[in-house]
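Participant: Right, I'll just put the structure down here and ask away after.
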Amino acid sequence: MSEELKVIVFGIANEEYGIEVDKVRTIERMMPITRVPKTPSFIKGVINLRGIVVPVMNLSGRFNLPETEVTEHTRIIVVAVNEMEVGFIVDSANDVIDIDSDIIDTPPEIVGGIQAKYLDGIAKIGEDRLLIMLNLSEVLNKSEIVQLEQLEV
Amino acid sequence: MDMNAYLSMFIDESNDHLQALNDNLMRLESSPEDISIVQDIFRSAHTLKGMSATMGFEDLASLTHEMENVLDLVRNDKLKMDSFIFDTLFQGLDALESMVEDVVQGGTGKSDVTHIVNNLANIVKGDYKNSSTEPAASASTSAAGQENGGLLDQYQSSVLKQSIQSGLQVFYIKVTLTESCVLKAARSYMVFDVLENTGEVIKSEPSVEDLEQEKFDRSFTVFTISSVSPEELTSKINSISEIETVEVLPLDEESLATLSSAGTQAAAAVEAPAAPVKTEKAEVKSADEQKKPAVKAPVANRTIRVDIDRLDALMNLFSEMLIDRVRLEQLASEVKRQDLTDTVEHMARVSSDLQNIVLKLRMVPVDTVFNRFPRMIRDLAKSLDKKIDLIITGADTELDRTVIDEIGDPLVHLLRNSVDHGIETVAERVAAGKSETGTVHLRAFHSGNHVFIEVEEDGKGINAKKVLEKAISKGVVKPEDAGKLSIDEINNLIFSAGFSTADVISDISGRGVGLDVVRTKITSLGGNVTVTSVEGKGTKFSVQLPLTLSIISAMLIKLGDEKYAIPLSSIVETAIIQRSSILMVHGNPMIKFRNAVIPLISLSKLFESPSYSEEHEEEHEIIVIHKGDKWAAVVIDEFIGQSEIVLKTLGKYLTNISGVSGATILGDGQVALIVDPNALIK
């Protein structure tokens with residue numbers, strides 16, 4: 001049962017990640033972010049997305065990876081999942097590709113330091129390109145944030 | 001035909017009619033003699049019946065039909081309203097409401113209402129009580145009424161008169177059906193059809209409804225305005241089968257005048273049924289009935305229904321424009337060109353007018369919440385065996401729809417509380433030297449940027465001593481603090497969590513969820529609730545609500561590079577204090593303010609501000625905020641100024657951030673967080 005998926009490809013550090021196009025609302029250049037106090041450190045704050053206030057998180061920070069510096073390639077990918085809108089800060093976003101759902105494999109336990117539960121799978125494209133498909137509902141899982149907050153306190 | 005398209009209209013309208021039925025029944029209960037109210041009720045019920053039948057909700061239609069039958073008898077003076085009829089009608093109304101609710105939920109509106117239908121049918125038959133004398137008596141009076149009915153009232157005669165003056169022909173027609181006629185209603189309908197094709201029917205005797213239901217013997221009379229000759233009319237009516245005789249009498253102004261005057265010669269002039277002795281009384285009455293709806297109707301039609309989503313969209317668009325306006329104002333002040341400044345100022349004025357209108361569009365009179373309370377109080381009073389008058393004032397006070405949607409439950413709670421715990425039983429009231437009937441006032445009024453809603457009763461009041469004991473036993477108040485509390489402070493303890501002073505947990509209130517829920521709800525709406533009470537005299541709950549939740553006035557402040565907004569409604573004062581004036585009490589910084597010592601809160605510490613700290617300043621800018629009666633001073637970096645801000649949420653991902661109630665977008669497009677003063681004061 002194969003399906004064509006349109007996927008937005010973006011980069012964090014040296015890895016390539018994918019999110020299905022229909023979950024992405026918009027991709028923006030870096031813009032001023034208003035810090036929100038008393039939130040986990042990976043939540044960078046909120047932005048004004050054409051009149052709507054949208055929270056923004058740093059994906060590397062979310063996966064407990066070292067956060068990379070903001071460059072001119074840095075983008076904010078705004079996704080909409082479970083009626084939540086959240087922006088992801090990524091190092092670059094520059095490609096939309098079609099992939100076959102058949103080529104997505106179940107992920108190994110840890111990929112590039114990210115726990116498997118955050119991933120939907122890994123797609124192998126061409127000879128040496130690996131695309132990590134994110135499980136957005138899990139990435140945006142709030143109960144985990146609550147636990148994180150309790151740990152920090 | 002696809003009925004779904006009409007479903008929402010049906011739901012809206014039936015809710016309106018149900019509400020009207022409810023209101024009017026309440027009115028009728030207080031003045032049972034007023035037949036004009038019965039007319040209104042009948043009209044609503046009739047329309048509702050028609051709508052539900054059209055939409056295929058048979059149960060709804062049949063129940064309404066039975067109610068209508070009862071009302072029809074009342075309307076025609078054949079039945080006197082009594083408490084059994086009222087109760088049955090109210091039951092019927094409740095059943096109708098739940099059926100419509102079922103339709104709203106996507107159901108079929110089906111429900112077992114045989115019990116109510118039987119009761120209603122019994123009322124119609126007149127055998128719901130043993131004394132059969134009354135129906136008989138009223139039947140005879142109604143017979144007399146019918147005999148008088150052949151005459152015209154003022155309105156009808158003036159219409160006819162005008163028609164004659166403008167050259168139209170007016171006829172008095174008497175139609176008699178054959179004795180063997182089976183479908184009397186159908187035949188009379190056909191006659192009406194003929195008449196309406198050639199002109200207009202002004203009055204018929206018996207009434208059209210009675211004709212439809214075959215409530216007539218063999219003949220009926222009609223006043224009609226027509227464009228054809230009497231001969232033609234006669235032959236047309238005669239062509240309908242089962243008609244025995246038709247008499248068509250042309251009327252002129254003279255004969256009309258004799259008809260509409262006291263009518264002594266009316267019978268002779270047009271062979272109308274005999275002996276009009278009591279006519280004048282009948283005339284006056286029916287004239288009233290005719291006039292009332294005529295006055296009411298235009299008012300009802302001056303509104304349109306708008307999908308609330310569209311209003312929300314309008315609001316959102318307007319908010320964006322407001323942001324641009326602030327931005328333009330900034331630019332204009334930088335560019336400093338006179339004509340630009342003028343234009344921007346003009347735009348600012350126009351847009352603030354626009355803002356008022358857009359906000360007003362979302363305003364709904366509190367009546368939409370209040371209107372269900374009279375019924376609720378009535379039922380409560382009945383079930384508790386108390387006598388209670390509910391007096392509503394200011395029901396036309398308007399509030400934002402979002403507030404209206406939320407305020408219903410807390411008010412229900414307060415009212416139930418007043419009726420259950422506040423007002424005493426009749427015996428207790430008499431013993432206390434009060435009138436038997438307790439009074440609950442429900443008031444709404446504007447004051448500044450707020451709307452106040454008060455629930456006041458003249459019941460037994462709050463027993464402050466009992467409240468204090470309970471508060472101490474529940475650990476809400478420390479025993480050593482108890483002496484310091486004023487009566488009002490003690491009374492307000494009833495809003496604390498897990499508090500219920502009712503000795504017996506009753507069915508009505510005191511189910512564990514107490515007034516703390518009310519307070520939480522109202523605070524979450526940006527409002528406040530307080531109570532004042534005099535033991536033995538009564539209790540007053542006062543709810544303070546913001547006019548709107550979408551645009552508020554706020555003070556913009558700076559903490560280093562960061563900007564925050566503090567709602568003006570929470571600000572008492574702004575000031576500058578010397579560092580040396582800070583007192584330390586148990587290690588907590590406090591300052592003296594208006595003869596009180598209030599805590600000093602560092603916003604930069606609370607929000608872990610990366611770019612500002614007041615540590616090394618000699619002078620502090622402070623904002624004194626309040627939450628109810630509690631005050632606190634907040635140290636900030638710099639004041640920016642007062643501004644109208646548009647409230648935005650932080651989205652579903654970021655919820656429950658302490659100290660922040662939302663965000664707003666400033667003129668420069670940046671997001672500023674709105675400080676929640678209620679969270680700062682513990």
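Please note that chains go A, B, ... in the order of the structure tokens, that every chain numbers its residues from 1, and that ligands are numbered from 1 in the order shown.
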Select all residues from chain A having any atom no more than 7 Å from an atom of chain B (counting only C-alpha atoms, ignoring ligands), output as number ranges by chain.
Facilitator: A: 34, 37-38, 47-48, 51, 53-55, 84-85
Participant: Env of Asp307 in chain B: 12 Å cut, atoms = only C-alpha atoms, seq-sep filter 4 positions within chain, self excluded. Answer as JSON, numbers by chain.
Facilitator: {"B": [8, 9, 12, 311, 312, 313, 314, 361, 362]}
Participant: Please save C-alpha atoms of the selected residues as an mmCIF file, in the first residue's frame.
Facilitator:
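The file below, out.cif, is the result:
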```
data_model
loop_
_atom_site.group_PDB
_atom_site.id
_atom_site.type_symbol
_atom_site.label_atom_id
_atom_site.label_comp_id
_atom_site.auth_asym_id
_atom_site.auth_seq_id
_atom_site.Cartn_x
_atom_site.Cartn_y
_atom_site.Cartn_z
ATOM 1 C CA SER B 8 -30.546 26.322 11.771
ATOM 2 C CA MET B 9 -33.253 28.833 10.998
ATOM 3 C CA ASP B 12 -33.146 29.818 16.060
ATOM 4 C CA LEU B 311 -18.675 38.917 13.791
ATOM 5 C CA ASP B 312 -15.561 37.286 15.200
ATOM 6 C CA ALA B 313 -13.889 37.588 11.813
ATOM 7 C CA LEU B 314 -14.890 41.250 11.668
ATOM 8 C CA LEU B 361 -22.178 44.532 17.518
ATOM 9 C CA ARG B 362 -20.924 41.902 19.883
#
```
Participant: Given only C-alpha atoms as the basis, pick out the residue of B:Ser14, B:Thr397, B:Ser157, B:Ser166 nearest to Val103 in chain B.
Facilitator: B:Ser14
Participant: Just list as number ranges by chain whatever in range 439-654 of chain B DSSP marks as alpha helix (DSSP H).
Facilitator: B: 464-473, 487-491, 515-524, 603-606
Participant: If we count only C-alpha atoms and set the cut-off at 9 Å, which residues sit around Arg327 in chain B, ignoring sequence neighbours fewer than 2 positions away in its own chain? Please answer as number ranges by chain.
Facilitator: B: 322-325, 329-332, 666-669
Participant: I need the residues in range 51-85 of chain A that are strand (DSSP E) according to DSSP; give them as a list in words.
Facilitator: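 Filtering range 51-85 of chain A down to strand (DSSP E) leaves Ile52, Val53, Val54, Pro55, Val56, Met57, Asn58, Arg75, Ile76, Ile77, Val78, Val79, Ala80, Val81, Met84 and Glu85 of chain A.
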Participant: Just the selected residues (N, CA and C atoms), exported as a PDB file, in the first residue's frame, please.
Facilitator:
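As written to disk, part.pdb reads:
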```pdb
ATOM      1  N   ILE A  52      -1.562  36.996  14.304  1.00  0.00           N
ATOM      2  CA  ILE A  52      -1.819  35.894  15.225  1.00  0.00           C
ATOM      3  C   ILE A  52      -0.548  35.625  16.034  1.00  0.00           C
ATOM      4  N   VAL A  53      -0.729  35.444  17.325  1.00  0.00           N
ATOM      5  CA  VAL A  53       0.421  35.196  18.185  1.00  0.00           C
ATOM      6  C   VAL A  53       0.724  33.696  18.181  1.00  0.00           C
ATOM      7  N   VAL A  54       1.928  33.342  17.758  1.00  0.00           N
ATOM      8  CA  VAL A  54       2.288  31.925  17.617  1.00  0.00           C
ATOM      9  C   VAL A  54       3.539  31.637  18.446  1.00  0.00           C
ATOM     10  N   PRO A  55       3.485  30.610  19.298  1.00  0.00           N
ATOM     11  CA  PRO A  55       4.684  30.256  20.052  1.00  0.00           C
ATOM     12  C   PRO A  55       5.748  29.613  19.138  1.00  0.00           C
ATOM     13  N   VAL A  56       6.981  29.815  19.492  1.00  0.00           N
ATOM     14  CA  VAL A  56       8.081  29.318  18.670  1.00  0.00           C
ATOM     15  C   VAL A  56       9.026  28.516  19.547  1.00  0.00           C
ATOM     16  N   MET A  57       9.443  27.334  19.060  1.00  0.00           N
ATOM     17  CA  MET A  57      10.417  26.548  19.818  1.00  0.00           C
ATOM     18  C   MET A  57      11.616  26.214  18.947  1.00  0.00           C
ATOM     19  N   ASN A  58      12.728  25.989  19.619  1.00  0.00           N
ATOM     20  CA  ASN A  58      13.922  25.583  18.898  1.00  0.00           C
ATOM     21  C   ASN A  58      13.950  24.063  18.873  1.00  0.00           C
ATOM     22  N   ARG A  75      15.222  29.431   9.501  1.00  0.00           N
ATOM     23  CA  ARG A  75      13.818  29.625   9.143  1.00  0.00           C
ATOM     24  C   ARG A  75      12.918  29.232  10.316  1.00  0.00           C
ATOM     25  N   ILE A  76      11.720  29.795  10.285  1.00  0.00           N
ATOM     26  CA  ILE A  76      10.700  29.354  11.235  1.00  0.00           C
ATOM     27  C   ILE A  76       9.625  28.612  10.435  1.00  0.00           C
ATOM     28  N   ILE A  77       9.472  27.332  10.719  1.00  0.00           N
ATOM     29  CA  ILE A  77       8.429  26.559  10.044  1.00  0.00           C
ATOM     30  C   ILE A  77       7.228  26.484  10.977  1.00  0.00           C
ATOM     31  N   VAL A  78       6.101  27.051  10.540  1.00  0.00           N
ATOM     32  CA  VAL A  78       4.925  27.036  11.404  1.00  0.00           C
ATOM     33  C   VAL A  78       4.051  25.842  11.010  1.00  0.00           C
ATOM     34  N   VAL A  79       3.834  24.958  11.982  1.00  0.00           N
ATOM     35  CA  VAL A  79       3.018  23.776  11.704  1.00  0.00           C
ATOM     36  C   VAL A  79       1.714  23.872  12.491  1.00  0.00           C
ATOM     37  N   ALA A  80       0.712  23.186  11.993  1.00  0.00           N
ATOM     38  CA  ALA A  80      -0.572  23.137  12.702  1.00  0.00           C
ATOM     39  C   ALA A  80      -0.914  21.675  12.944  1.00  0.00           C
ATOM     40  N   VAL A  81      -0.917  21.283  14.214  1.00  0.00           N
ATOM     41  CA  VAL A  81      -1.233  19.902  14.578  1.00  0.00           C
ATOM     42  C   VAL A  81      -2.174  19.934  15.773  1.00  0.00           C
ATOM     43  N   MET A  84      -3.221  23.034  17.310  1.00  0.00           N
ATOM     44  CA  MET A  84      -2.187  23.899  17.890  1.00  0.00           C
ATOM     45  C   MET A  84      -1.328  24.420  16.748  1.00  0.00           C
ATOM     46  N   GLU A  85      -0.935  25.681  16.876  1.00  0.00           N
ATOM     47  CA  GLU A  85       0.007  26.213  15.903  1.00  0.00           C
ATOM     48  C   GLU A  85       1.295  26.510  16.626  1.00  0.00           C
TER      49      GLU A  85
END
```
Participant: So that I can check the surroundings of range 13-25 of chain A, please list as a ChimeraX atom specification every protein, DNA and RNA residue that reaches within 10 Å of it, counting only C-alpha atoms and ignoring chain neighbours fewer than 2 positions away.
Facilitator: /A:5-11,27-28,60,65-69,77-82,85-87,90-93,95-98,111-112,119-123,129-136
Participant: Could you check the closest approach to Glu138 in chain A for each of A:Met30, A:Ala116, A:Ile103, A:Val46 and tell me which residue wins, using only C-alpha atoms?
Facilitator: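 The answer is A:Ala116, which sits nearest to Glu138 in chain A.
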